[in-house]
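Working notes, beginning with the structure itself.
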Amino acid sequence: MSRRAFIRWLLAIGAALVGLSAFFSQMVKKKFMADDQPALSSVKPEPAQAVAQPSAEPLPTGPLMSYFILSDLHITIGDPLTGKKLRQALDDITHFDGPVDAIMLTGDLTDTGTERDYKELRTIVNEYKLPPVHANMGNHDYYTIWINKANTWDQAAVPNGKSDEVSREQFKKFFGYKTLYNDFTTKGHSILLLSQEAYVQEKPEVGEGAWYSDEQLAWFKERVKALYQPGRPLFVMTHQPLPPNGTDGGTHQLIRAIQFRETLKPYKNVFVFCGHRHQDFQNGTPHYVKETFHYFHNASVGRTLNRAYQQEAKNKAQGIYVQVFADKVVVRGREFSNRTFLDEANWSIDLQKAQA
């Protein structure tokens with residue numbers, strides 16, 4: 001075989017091998033494609049899976065509404081320390097690092113209920129730019145009957161030309177109220193304020209207790225029903241505390257307590273706050289009691305007392321800060337003299353959800 005013929009033979013063999021290799025390559029490719037990937041033309045794409053959406057919007061992280069409760073201010077020109085402590089509280093509130101939508105004053109705003117004590121209270125309040133301020137009456141706000149024209153205590157001359165009606169009118173005039181009992185709503189959350197309606201000049205039997213009339217209790221029942229919203233808290237302010245469950249109260253207590261409790265019994269997420277007791281948050285006495293509602297005893301701004309009801313630490317001035325969240329209410333005790341929260345008074349209470 002000539003050299004030229006040999007070269008042609010090698011080229012033919014190479015071409016045949018390339019062709020054979022390509023043939024086997026296609027066969028292998030089809031084999032594995034058939035096993036792993038069906039032909040696109042013969043397969044219909046599956047519909048895209050829908051992404052599950054949450055059934056409700058996420059709960060807001062910040063408070064929906066926040067307010068302070070100040071009890072037992074006992075403002076009087078005869079005790080300058082009471083004015084100093086109220087100024088500490090209001091200065092703390094106006095510089096507070098957090099929202100304050102309202103201030104509730106739960107009774108004993110003044111020490112004697114006289115015109116000059118209300119004037120002193122007005123002077124202090126007017127020094128500050130405050131959110132809405134609302135109040136109810138305590139027993140000391142009726143004490144003007146004990147004070148004579150010389151502004152001294154004169155028990156022998158009671159009522160010293162005064163009357164319980166004079167006390168009621170002074171209170172209503174100060175706050176611009178038409179009635180002693182009122183309610184206040186802000187940011188969709190409501191607060192009811194009940195007031196003592198008479199004192200010993202008209203009803204000697206009540207002593208230092210809180211007497212509520214049929215009219216006030218009927219109003220209370222109607223307003224609770226109207227303002228209650230399932231899943232949301234409803235707040236109630238009194239001055240005097242409740243007696244033991246199942247009983248009506250006497251002096252230094254809410255007198256018609258059985259009817260008060262019955263009014264609130266059908267409702268969830270109700271928070272009741274009272275004053276009058278004055279005891280500080282650090283002395284170990286219970287300040288939160290769970291009934292069918294959540295029940296809190298506030299301390300005092302003007303005259304904070306220890307467990308034995310003594311004014312041992314004259315510098316103390318305490319109150320409550322309430323924060324409403326979408327799923328809970330946080331209640332915290334505040335010491336206004338040094339602008340700190342108190343570890344002994346820190347409650348977080350989950351709200352019961354509305355029934356679907």
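Residues are referred to by chain and number: the chain letter is A, B, ... according to the order shown in the structure tokens, the number counts from 1 in that chain, and ligands are numbered separately from 1 in the order shown.
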Closest pair table for region 114-172 of chain A residues within 10 Å of region 183-189 of chain A, only C-alpha atoms, as a tab-separated table:
```
residue	atom	partner	partner_atom	distance
A:Pro132	CA	A:Phe184	CA	9.3
A:Val133	CA	A:Phe184	CA	9.7
A:His134	CA	A:Phe184	CA	7.9
A:Ala135	CA	A:Asp183	CA	9.8
```
Output as a tab-separated table one row per residue of region 251-281 of chain A within 10 Å of region 67-85 of chain A: the closest atom pair and its distance in Å to one decimal place, counting only C-alpha atoms, sorted by chain and residue number ascending.
```
residue	atom	partner	partner_atom	distance
A:Phe273	CA	A:Ile69	CA	8.5
A:Cys274	CA	A:Ser71	CA	7.9
A:Gly275	CA	A:Ser71	CA	5.4
A:His276	CA	A:Asp72	CA	6.5
A:Arg277	CA	A:Asp72	CA	8.8
A:His278	CA	A:Asp72	CA	7.1
```
Output all heavy atoms for every residue in the selection just made, as a short mmCIF file (atom, residue, chain, number, x, y, z; two decimals), in the first residue's frame.
```
data_model
loop_
_atom_site.label_atom_id
_atom_site.label_comp_id
_atom_site.auth_asym_id
_atom_site.auth_seq_id
_atom_site.Cartn_x
_atom_site.Cartn_y
_atom_site.Cartn_z
N PHE A 273 -58.64 50.91 90.28
CA PHE A 273 -57.57 51.55 91.06
C PHE A 273 -58.20 52.38 92.17
O PHE A 273 -59.18 53.11 91.94
CB PHE A 273 -56.71 52.45 90.18
CG PHE A 273 -55.94 51.71 89.12
CD1 PHE A 273 -56.52 51.46 87.88
CD2 PHE A 273 -54.65 51.28 89.35
CE1 PHE A 273 -55.82 50.78 86.89
CE2 PHE A 273 -53.93 50.60 88.37
CZ PHE A 273 -54.52 50.34 87.14
N CYS A 274 -57.63 52.29 93.38
CA CYS A 274 -58.10 53.12 94.48
C CYS A 274 -56.91 53.81 95.14
O CYS A 274 -55.76 53.44 94.93
CB CYS A 274 -58.87 52.29 95.51
SG CYS A 274 -57.82 51.24 96.55
N GLY A 275 -57.22 54.79 95.97
CA GLY A 275 -56.21 55.46 96.78
C GLY A 275 -56.52 55.25 98.25
O GLY A 275 -56.85 54.15 98.67
N HIS A 276 -56.41 56.32 99.04
CA HIS A 276 -56.82 56.40 100.44
C HIS A 276 -55.88 55.68 101.41
O HIS A 276 -55.68 56.16 102.52
CB HIS A 276 -58.25 55.85 100.60
CG HIS A 276 -58.86 56.13 101.94
ND1 HIS A 276 -59.27 57.38 102.32
CD2 HIS A 276 -59.12 55.32 103.00
CE1 HIS A 276 -59.77 57.33 103.54
NE2 HIS A 276 -59.69 56.10 103.99
N ARG A 277 -55.30 54.55 101.01
CA ARG A 277 -54.52 53.78 101.95
C ARG A 277 -53.13 54.38 102.20
O ARG A 277 -52.55 54.18 103.27
CB ARG A 277 -54.39 52.34 101.44
CG ARG A 277 -54.00 51.34 102.51
CD ARG A 277 -54.07 49.92 102.00
NE ARG A 277 -53.05 49.62 101.00
CZ ARG A 277 -52.76 48.39 100.58
NH1 ARG A 277 -53.44 47.37 101.07
NH2 ARG A 277 -51.83 48.18 99.68
N HIS A 278 -52.58 55.07 101.22
CA HIS A 278 -51.31 55.80 101.34
C HIS A 278 -50.06 54.91 101.43
O HIS A 278 -48.96 55.43 101.36
CB HIS A 278 -51.29 56.71 102.59
CG HIS A 278 -52.16 57.92 102.50
ND1 HIS A 278 -51.69 59.20 102.67
CD2 HIS A 278 -53.49 58.05 102.28
CE1 HIS A 278 -52.69 60.06 102.57
NE2 HIS A 278 -53.79 59.38 102.32
#
```
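CA of Gly231 (chain A) is found 18.1 Å from CA of Thr263 (chain A).
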Please produce, as JSON lines, a per-residue contact table for region 247-268 of chain A versus region 139-148 of chain A (criterion: any atom at most 12 Å away, only C-alpha atoms considered), showing the nearest atom pair and its distance in Å to one decimal, sorted by chain then residue number.
```
{"residue": "A:Thr251", "atom": "CA", "partner": "A:Asn139", "partner_atom": "CA", "distance": 10.1}
{"residue": "A:His252", "atom": "CA", "partner": "A:Asn139", "partner_atom": "CA", "distance": 8.5}
{"residue": "A:Gln253", "atom": "CA", "partner": "A:Asn139", "partner_atom": "CA", "distance": 10.4}
{"residue": "A:Leu254", "atom": "CA", "partner": "A:Asn139", "partner_atom": "CA", "distance": 11.1}
```
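For the atom pair formed by CA of Ile93 (chain A) and CA of Leu227 (chain A), the distance is 27.4 Å, given to one decimal.
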### Task
List the neighbours of region 166-168 of chain A out to 12 Å using only C-alpha atoms; skip same-chain residues closer than 3 positions along the sequence, and give me the result as an MDAnalysis selection string.
chainID A and resid 108 110 112:115 117:118 136:146 159:163 171:181 195:202
### Message
Run DSSP on the backbone and tell me which residues of region 165-336 of chain A come out as strand (DSSP E); list them as a PyMOL selection string.
### Response
chain A and resi 182-186+189-193+234-237+270-274+288-290+294-297+318-324+328-335
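Of the listed residues (A:Gly249, A:Pro99, A:Met237, A:Ala313), A:Gly249 comes nearest to Gly207 (chain A); the distances count only C-alpha atoms.
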### Task
Using DSSP on the backbone, list every residue of region 119-233 of chain A that comes out as helix (DSSP H, G or I), and give them as a VMD selection string.
chain A and resid 119 to 125 139 to 146 155 to 157 164 to 175 204 to 206 214 to 227
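Residues with any atom within 7 Å of region 303-305 of chain A, counting only C-alpha atoms and excluding same-chain neighbours fewer than 5 positions away, are His278, Gln279, Asp280, Gln310, Gln311, Glu312, Lys316 and Ala317 of chain A.
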Take the residues that were just selected and, keeping all heavy atoms, output them as an mmCIF file, in the first residue's frame.
```cif
data_model
loop_
_atom_site.group_PDB
_atom_site.id
_atom_site.type_symbol
_atom_site.label_atom_id
_atom_site.label_comp_id
_atom_site.auth_asym_id
_atom_site.auth_seq_id
_atom_site.Cartn_x
_atom_site.Cartn_y
_atom_site.Cartn_z
ATOM 1 N N HIS A 278 -52.583 55.069 101.216
ATOM 2 C CA HIS A 278 -51.310 55.800 101.342
ATOM 3 C C HIS A 278 -50.064 54.910 101.432
ATOM 4 O O HIS A 278 -48.957 55.432 101.364
ATOM 5 C CB HIS A 278 -51.290 56.715 102.588
ATOM 6 C CG HIS A 278 -52.163 57.916 102.503
ATOM 7 N ND1 HIS A 278 -51.693 59.201 102.674
ATOM 8 C CD2 HIS A 278 -53.493 58.053 102.283
ATOM 9 C CE1 HIS A 278 -52.695 60.061 102.569
ATOM 10 N NE2 HIS A 278 -53.795 59.377 102.325
ATOM 11 N N GLN A 279 -50.174 53.627 101.606
ATOM 12 C CA GLN A 279 -49.000 52.797 101.893
ATOM 13 C C GLN A 279 -48.059 52.705 100.698
ATOM 14 O O GLN A 279 -48.490 52.512 99.555
ATOM 15 C CB GLN A 279 -49.435 51.397 102.315
ATOM 16 C CG GLN A 279 -50.042 51.360 103.706
ATOM 17 C CD GLN A 279 -50.347 49.945 104.156
ATOM 18 O OE1 GLN A 279 -50.860 49.139 103.396
ATOM 19 N NE2 GLN A 279 -50.027 49.639 105.401
ATOM 20 N N ASP A 280 -46.759 52.821 100.975
ATOM 21 C CA ASP A 280 -45.770 52.794 99.907
ATOM 22 C C ASP A 280 -45.665 51.387 99.315
ATOM 23 O O ASP A 280 -46.114 50.401 99.903
ATOM 24 C CB ASP A 280 -44.412 53.280 100.401
ATOM 25 C CG ASP A 280 -43.770 52.336 101.404
ATOM 26 O OD1 ASP A 280 -43.363 51.228 101.006
ATOM 27 O OD2 ASP A 280 -43.666 52.708 102.592
ATOM 28 N N GLN A 310 -47.466 54.993 109.103
ATOM 29 C CA GLN A 310 -46.685 56.107 109.637
ATOM 30 C C GLN A 310 -45.883 56.742 108.504
ATOM 31 O O GLN A 310 -45.403 56.044 107.601
ATOM 32 C CB GLN A 310 -45.714 55.610 110.720
ATOM 33 C CG GLN A 310 -46.409 54.987 111.922
ATOM 34 C CD GLN A 310 -45.444 54.263 112.831
ATOM 35 O OE1 GLN A 310 -44.393 53.786 112.398
ATOM 36 N NE2 GLN A 310 -45.800 54.159 114.101
ATOM 37 N N GLN A 311 -45.732 58.063 108.568
ATOM 38 C CA GLN A 311 -44.975 58.769 107.539
ATOM 39 C C GLN A 311 -43.500 58.733 107.915
ATOM 40 O O GLN A 311 -42.889 59.731 108.285
ATOM 41 C CB GLN A 311 -45.488 60.202 107.386
ATOM 42 C CG GLN A 311 -45.017 60.853 106.092
ATOM 43 C CD GLN A 311 -45.634 62.214 105.870
ATOM 44 O OE1 GLN A 311 -46.424 62.683 106.680
ATOM 45 N NE2 GLN A 311 -45.273 62.861 104.778
ATOM 46 N N GLU A 312 -42.936 57.551 107.773
ATOM 47 C CA GLU A 312 -41.559 57.302 108.190
ATOM 48 C C GLU A 312 -40.557 57.989 107.268
ATOM 49 O O GLU A 312 -39.584 58.595 107.721
ATOM 50 C CB GLU A 312 -41.309 55.794 108.209
ATOM 51 C CG GLU A 312 -39.938 55.375 108.683
ATOM 52 C CD GLU A 312 -39.782 53.867 108.638
ATOM 53 O OE1 GLU A 312 -40.288 53.233 107.691
ATOM 54 O OE2 GLU A 312 -39.150 53.321 109.552
ATOM 55 N N LYS A 316 -40.658 60.421 100.391
ATOM 56 C CA LYS A 316 -41.293 59.574 99.384
ATOM 57 C C LYS A 316 -42.520 60.244 98.769
ATOM 58 O O LYS A 316 -43.312 60.882 99.472
ATOM 59 C CB LYS A 316 -41.699 58.230 99.986
ATOM 60 C CG LYS A 316 -40.539 57.287 100.247
ATOM 61 C CD LYS A 316 -41.041 55.922 100.715
ATOM 62 C CE LYS A 316 -39.876 54.951 100.905
ATOM 63 N NZ LYS A 316 -40.349 53.613 101.344
ATOM 64 N N ALA A 317 -42.659 60.085 97.456
ATOM 65 C CA ALA A 317 -43.836 60.563 96.727
ATOM 66 C C ALA A 317 -44.063 59.577 95.588
ATOM 67 O O ALA A 317 -43.278 59.528 94.643
ATOM 68 C CB ALA A 317 -43.618 61.963 96.190
#
```
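Taking CA of Leu64 (chain A) and CA of Val331 (chain A) as the two end points, the separation is 13.9 Å.
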#### Entry: Pick from A:Ala226, A:Ser190, A:Phe296, A:Asp164 nearest to Lys203 (chain A), counting only C-alpha atoms
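Smallest distance to Lys203 (chain A) is found for A:Asp164.
You can rank A:Thr152, A:Ile124, A:Leu193, A:Val224 by their closest distance to Thr106 (chain A) using only C-alpha atoms, and at the top of that list sits A:Leu193.
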